[in-house]
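Source file: entry.txt; contents: compact mmCIF, C-alpha atoms.
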# COMPACT_ATOMS: atom_id res chain seq x y z
CA MET A 1 235.13 38.89 -61.43
CA GLN A 2 238.45 38.30 -59.71
CA VAL A 3 240.82 35.73 -61.20
CA GLU A 4 242.96 33.89 -58.69
CA GLN A 5 246.55 33.67 -59.93
CA LYS A 6 248.03 30.37 -58.86
CA ARG A 7 250.07 29.06 -61.77
CA ALA A 8 253.76 29.89 -61.37
CA CYS A 9 255.78 30.51 -64.52
CA THR A 10 258.87 28.33 -64.69
CA SER A 11 260.68 31.02 -66.66
CA CYS A 12 260.18 34.18 -64.59
CA GLY A 13 258.33 32.94 -61.49
CA SER A 14 255.25 35.14 -62.01
CA GLU A 15 251.90 33.81 -60.83
CA ASN A 16 249.19 33.28 -63.43
CA ALA A 17 245.59 32.12 -63.57
CA PRO A 18 245.31 28.33 -63.17
CA ASP A 19 244.06 27.93 -66.75
CA ALA A 20 246.40 30.50 -68.36
CA GLY A 21 247.93 29.37 -71.65
CA PHE A 22 251.03 31.51 -71.29
CA CYS A 23 252.70 33.75 -68.72
CA TRP A 24 251.24 37.24 -68.50
CA ARG A 25 254.69 38.70 -67.78
CA CYS A 26 257.14 36.98 -70.15
CA LEU A 27 254.69 35.27 -72.60
CA VAL A 28 256.36 31.87 -72.16
CA PRO A 29 253.69 29.27 -73.05
CA PHE A 30 252.46 26.69 -70.55
CA ALA A 31 251.42 23.15 -71.40
CA PRO A 32 248.22 23.30 -73.46
CA THR A 33 244.88 22.94 -71.72
CA PRO A 34 241.91 21.32 -73.47
CA PRO A 35 239.06 23.60 -74.55
CA VAL A 36 235.86 23.57 -72.52
CA PRO A 37 233.38 21.25 -74.26
CA GLY A 38 230.13 22.74 -75.37
CA GLY A 39 228.11 24.13 -78.19
CA PRO A 40 228.60 27.28 -80.26
CA ASN A 41 227.51 29.71 -77.53
CA VAL A 42 230.16 32.13 -76.37
CA ARG A 43 230.44 31.03 -72.73
CA SER A 44 230.88 27.31 -73.44
CA ALA A 45 233.08 27.53 -76.53
CA MET A 46 235.77 29.99 -75.56
CA PRO A 47 239.26 28.85 -76.68
CA PRO A 48 242.19 29.11 -74.30
CA PRO A 49 244.80 31.75 -75.11
CA PRO A 50 247.03 31.52 -78.16
CA ALA A 51 250.55 30.19 -78.62
CA THR A 52 249.94 26.64 -77.39
CA TRP A 53 246.49 25.77 -78.67
CA THR A 54 244.98 25.19 -82.10
CA PRO A 55 241.19 25.71 -82.08
CA PRO A 56 239.05 22.89 -83.47
CA VAL A 57 237.40 23.34 -86.84
CA PRO A 58 233.76 24.19 -86.06
CA PRO A 59 230.92 22.29 -87.74
CA ALA A 60 229.46 23.79 -90.85
CA GLU A 61 226.67 26.22 -90.05
CA PRO A 62 225.09 27.41 -93.31
CA ALA A 63 222.88 29.93 -91.52
CA ARG A 64 225.86 31.81 -90.06
CA THR A 65 228.26 34.11 -91.84
CA ARG A 66 232.02 34.16 -91.43
CA SER A 67 231.58 36.88 -88.81
CA SER A 68 230.19 34.30 -86.37
CA LYS A 69 233.84 33.63 -85.49
CA VAL A 70 234.36 37.13 -84.08
CA ALA A 71 233.75 36.18 -80.44
CA GLY A 72 236.21 33.30 -80.53
CA ALA A 73 238.89 35.49 -82.06
CA ILE A 74 238.28 38.23 -79.49
CA VAL A 75 239.05 35.80 -76.65
CA SER A 76 242.50 35.01 -78.01
CA LEU A 77 243.29 38.54 -79.11
CA VAL A 78 242.29 40.13 -75.80
CA ALA A 79 244.22 37.47 -73.90
CA ALA A 80 247.35 38.30 -75.88
CA ALA A 81 246.88 42.05 -75.48
CA ALA A 82 246.14 41.82 -71.75
CA ALA A 83 249.27 39.71 -71.28
CA TYR A 84 251.33 42.22 -73.24
CA PHE A 85 250.11 45.16 -71.19
CA GLY A 86 250.48 43.24 -67.94
CA VAL A 87 254.21 43.48 -68.46
CA GLN A 88 254.73 46.49 -70.07
CA TYR A 89 234.87 40.39 -92.55
CA LEU A 90 237.12 41.47 -94.68
CA MET A 91 239.41 44.23 -93.75
CA GLY A 92 239.23 46.66 -96.62
CA PRO A 93 241.21 49.81 -97.39
CA ALA A 94 238.33 52.00 -96.17
CA ILE A 95 238.81 50.94 -92.52
CA ALA A 96 242.28 50.59 -91.08
CA LEU A 97 244.18 51.77 -88.03
CA PRO A 98 246.18 54.96 -88.64
CA ASP A 99 249.66 55.85 -87.44
CA THR A 100 248.22 58.43 -85.00
CA LEU A 101 245.15 58.09 -82.77
CA ALA A 102 243.99 60.45 -80.01
CA ASP A 103 247.35 62.28 -80.02
CA ALA A 104 249.23 58.98 -79.56
CA GLN A 105 251.61 57.37 -82.04
CA ARG A 106 251.41 53.79 -83.20
CA LEU A 107 254.35 52.03 -81.59
CA THR A 108 256.79 50.03 -83.70
CA ASP A 109 258.89 48.29 -81.04
CA PRO A 110 259.25 44.48 -81.32
CA GLY A 111 256.54 43.79 -78.73
CA SER A 112 254.02 46.02 -80.49
CA ARG A 113 254.86 44.54 -83.87
CA ARG A 114 254.49 41.07 -82.42
CA PHE A 115 251.00 41.98 -81.21
CA GLU A 116 250.06 43.35 -84.64
CA GLU A 117 251.29 40.22 -86.38
CA PHE A 118 249.54 37.96 -83.92
CA THR A 119 246.26 39.85 -84.41
CA ALA A 120 246.43 39.35 -88.17
CA ASP A 121 247.39 35.67 -87.82
CA GLU A 122 244.66 34.97 -85.27
CA GLY A 123 242.10 36.71 -87.45
CA GLU A 124 243.15 34.48 -90.35
CA ARG A 125 242.82 31.42 -88.12
CA TYR A 126 239.21 32.36 -87.41
CA HIS A 127 238.54 33.34 -91.03
CA ILE A 128 238.16 37.03 -90.32
CA ASP A 129 240.50 39.92 -91.06
CA ALA A 130 241.42 41.78 -87.89
CA GLU A 131 243.91 44.54 -87.20
CA GLY A 132 245.59 45.43 -83.92
CA GLY A 133 247.68 48.40 -82.91
CA VAL A 134 249.53 49.62 -79.82
CA TYR A 135 249.59 53.38 -79.23
CA GLY A 136 251.61 55.54 -76.87
CA THR A 137 254.31 58.16 -76.49
CA GLY A 138 257.90 57.34 -77.31
CA SER A 139 258.20 53.68 -76.39
CA VAL A 140 255.63 53.77 -73.57
CA PRO A 141 252.30 52.07 -74.43
CA ARG A 142 249.10 53.87 -73.45
CA PHE A 143 246.34 51.87 -75.12
CA PHE A 144 245.75 49.08 -77.62
CA VAL A 145 243.08 48.80 -80.30
CA ILE A 146 241.59 45.70 -81.94
CA LEU A 147 239.48 46.36 -85.04
CA VAL A 148 237.28 43.96 -87.00
CA ASP A 149 235.68 45.38 -90.12
CA GLY A 150 232.45 43.48 -90.68
CA SER A 151 229.13 42.53 -89.18
CA ALA A 152 229.18 40.09 -86.25
CA VAL A 153 226.45 37.52 -85.72
CA GLU A 154 227.00 37.63 -81.95
CA THR A 155 225.17 40.12 -79.77
CA THR A 156 227.04 42.88 -77.98
CA ASP A 157 226.69 40.99 -74.70
CA GLN A 158 228.18 37.85 -76.25
CA LEU A 159 231.12 39.80 -77.64
CA PHE A 160 231.63 41.47 -74.26
CA ASP A 161 231.63 38.02 -72.64
CA ALA A 162 234.42 37.13 -75.06
CA LEU A 163 236.37 40.21 -74.02
CA VAL A 164 236.02 39.30 -70.32
CA MET A 165 237.02 35.70 -71.05
CA GLY A 166 240.10 36.87 -72.90
CA PHE A 167 241.26 38.89 -69.90
CA SER A 168 240.54 35.99 -67.58
CA GLN A 169 242.57 33.53 -69.63
CA ALA A 170 245.49 35.97 -69.69
CA GLY A 171 245.56 36.02 -65.88
CA ALA A 172 244.00 39.49 -65.70
CA ALA A 173 240.85 40.42 -63.78
CA VAL A 174 237.70 42.23 -64.87
CA ASP A 175 235.00 43.49 -62.52
CA ASP A 176 232.02 42.49 -64.65
CA THR A 177 229.59 43.39 -61.84
CA ASP A 178 230.07 47.07 -62.72
CA VAL A 179 229.71 47.44 -66.48
CA GLU A 180 228.75 50.66 -68.22
CA SER A 181 226.63 50.04 -71.31
CA GLY A 182 224.71 52.15 -73.76
CA THR A 183 224.33 53.26 -77.34
CA ARG A 184 225.70 56.11 -79.41
CA ARG A 185 224.40 56.93 -82.87
CA GLY A 186 223.28 53.33 -83.37
CA SER A 187 226.45 51.73 -82.00
CA GLU A 188 226.26 49.71 -78.78
CA TYR A 189 229.12 49.85 -76.29
CA ARG A 190 230.34 48.26 -73.05
CA CYS A 191 233.05 49.59 -70.68
CA VAL A 192 234.55 47.95 -67.59
CA ASP A 193 237.50 48.33 -65.20
CA ALA A 194 240.27 45.74 -65.45
CA THR A 195 243.64 44.91 -63.95
CA ALA A 196 246.60 43.17 -65.59
CA GLY A 197 249.14 42.22 -62.98
CA PRO A 198 249.74 45.40 -60.95
CA GLN A 199 248.46 47.61 -63.77
CA ALA A 200 244.99 49.17 -63.54
CA ALA A 201 243.20 49.77 -66.82
CA THR A 202 239.82 50.20 -68.49
CA ALA A 203 238.42 48.25 -71.42
CA CYS A 204 235.70 49.45 -73.79
CA MET A 205 234.21 47.92 -76.91
CA TRP A 206 231.75 48.97 -79.57
CA ARG A 207 229.60 46.92 -81.90
CA ASP A 208 227.67 48.35 -84.81
CA ASP A 209 226.34 47.05 -88.10
CA ASP A 210 229.70 47.17 -89.84
CA SER A 211 232.46 46.86 -87.26
CA VAL A 212 233.59 45.71 -83.83
CA GLY A 213 236.29 47.56 -81.92
CA ILE A 214 238.04 47.17 -78.57
CA VAL A 215 240.13 49.75 -76.72
CA PHE A 216 242.15 48.85 -73.61
CA GLU A 217 243.63 51.92 -71.91
CA LEU A 218 246.15 51.91 -69.08
CA SER A 219 245.46 53.84 -65.86
CA ALA A 220 242.26 55.46 -67.08
CA SER A 221 238.69 55.89 -65.88
CA VAL A 222 235.68 54.45 -67.69
CA ARG A 223 234.70 57.97 -68.72
CA GLU A 224 238.12 58.66 -70.24
CA THR A 225 238.27 55.34 -72.09
CA ARG A 226 234.70 55.72 -73.34
CA ARG A 227 235.72 59.07 -74.83
CA LEU A 228 238.80 57.43 -76.38
CA LEU A 229 236.64 54.60 -77.76
CA TRP A 230 234.51 57.04 -79.75
CA THR A 231 237.55 58.99 -80.90
CA VAL A 232 238.93 55.73 -82.32
CA HIS A 233 235.54 54.74 -83.75
CA ASP A 234 234.99 58.10 -85.49
CA THR A 235 238.55 58.13 -86.82
CA VAL A 236 238.58 54.63 -88.33
CA VAL A 237 234.88 54.11 -89.07
CA GLY A 238 233.47 57.61 -89.43

What's the structure tokens form of this structure?
Amino acid sequence: MQVEQKRACTSCGSENAPDAGFCWRCLVPFAPTPPVPGGPNVRSAMPPPPATWTPPVPPAEPARTRSSKVAGAIVSLVAAAAAYFGVQYLMGPAIALPDTLADAQRLTDPGSRRFEEFTADEGERYHIDAEGGVYGTGSVPRFFVILVDGSAVETTDQLFDALVMGFSQAGAAVDDTDVESGTRRGSEYRCVDATAGPQAATACMWRDDDSVGIVFELSASVRETRRLLWTVHDTVVG
């Protein structure tokens, strides 16, 4: 799926997707755009990216758990992470992102910290606890991780749709005609190539009974990112 970038940023002049909520390069917010009307399914209820939009309070659904909000949160979180890399339920103590993953250090620069804080805030907005981390060498980012500790009501395909929508709303592009999918020790996964501005990347996600995780790796093949995905999974989940 190719996203046509037509919206010029008044701050830096970069072109963005027509419905982008903020600039993929400098993160300056645009005027808010109304959410697409529809029911609770993932495709019709995706929120636009963060920073300029407050999601509506969904109707009470007694049959669903709090984890039914995972897909909506993923859209906003992936949009923020894709924008960051274009330029440059209940989270318990048993599952958390470490300081080192796959021989990469967790970055602590202002941009990485901003992403971590936004992940936590956006998780709270959707009534889930989520953790995000940016990993790399020195000050150079290599990959980001989003972790949700808890069971999601949505199917793996619905959560993957949320991931693709998040990239789209950040002005990035995902080729969802060529998706690698499968299972590993009971965990389902999806991997796909993506681009954020001039930067090529690969995105992978897992979903199992107790967690959802997303890894977005810069300049990597699906095979490499799939291997990284399971390294992250086995490190933080076991």

Counting only C-alpha atoms, figure out which residue out of A:Leu218, A:Gly213, A:Val237, A:Ala73 gets nearest to A:Val148.
A:Gly213

Return the single residue from A:Ile146, A:Ala173, A:Trp230, A:Arg7 that is closest to A:Arg185, with distances computed using only C-alpha atoms.
A:Trp230

d(atom CA of A:Ile214, atom CA of A:Val174) in Å:
14.6 Å

Between A:Phe115, A:Leu101, A:Val78, A:Val140, which is the closest to A:Phe216 once you count only C-alpha atoms?
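Closest residue, counting only C-alpha atoms: A:Val78.
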
What separation in Å, quoted to one decimal, exists between atom CA of A:Met205 and atom CA of A:Thr137?
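Atom-to-atom, atom CA of A:Met205 and atom CA of A:Thr137 are spaced 22.6 Å apart.
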
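Around A:Leu163, within 9 Å and counting all atoms listed in the file, the residues found are A:Ala71, A:Ile74, A:Val75, A:Ser76, A:Leu77, A:Val78, A:Ala79, A:Gln158, A:Leu159, A:Phe160, A:Gly166, A:Phe167, A:Ser168, A:Ala203, A:Met205, A:Ile214, once anything fewer than 3 positions away on its own chain is removed.
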
Restricting the calculation to only C-alpha atoms, which member of A:Arg106, A:Arg226, A:Arg190, A:Arg114 is positioned closest to A:Arg207?
A:Arg190

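Interatomic distance, atom CA of A:Asp99 to atom CA of A:Val215: 15.6 Å.
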
For A:Met165, the closest of A:Arg184, A:Gly72, A:Pro18, A:Pro141 counting all atoms listed in the file is A:Gly72

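The residue that comes closest to A:Gly136, out of A:Glu122, A:Glu117, A:Asp161, A:Asp109 and on the basis of only C-alpha atoms, is A:Asp109.
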
Could you put an axis-aligned box around every listed atom of stretch 195-204 of chain A, padded by 3 Å on each side, and send me its centre and edge lengths in Å to one decimal, as lines of an AutoDock Vina configuration file?
center_x = 242.7
center_y = 46.2
center_z = -67.4
size_x = 20.0
size_y = 14.0
size_z = 18.8

Compile the contact shell of A:Ala102 as an MDAnalysis selection string: residues with an atom at most 8 Å away, counting only C-alpha atoms, same-chain residues fewer than 4 positions apart removed.
chainID A and resid 228 231:232

Could you turn the residues from that selection into a file that holds C-alpha atoms, as a PDB file, in the frame of the given file?
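Written out: selection-v8.pdb:
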ATOM      1  CA  LEU A 228     238.800  57.430 -76.380  1.00  0.00           C
ATOM      2  CA  THR A 231     237.550  58.990 -80.900  1.00  0.00           C
ATOM      3  CA  VAL A 232     238.930  55.730 -82.320  1.00  0.00           C
TER       4      VAL A 232
END

Need to verify the contact set: A:Tyr189, 6 Å, all atoms listed in the file, exclusion of same-chain residues closer than 3 positions in sequence. Can you return it as a ChimeraX atom specification?
/A:181-183,205-206

What's the 9 Å shell around A:Asp176, counting all atoms listed in the file, without same-chain residues fewer than 5 positions away, as a PyMOL selection string?
chain A and resi 1+164+192-194
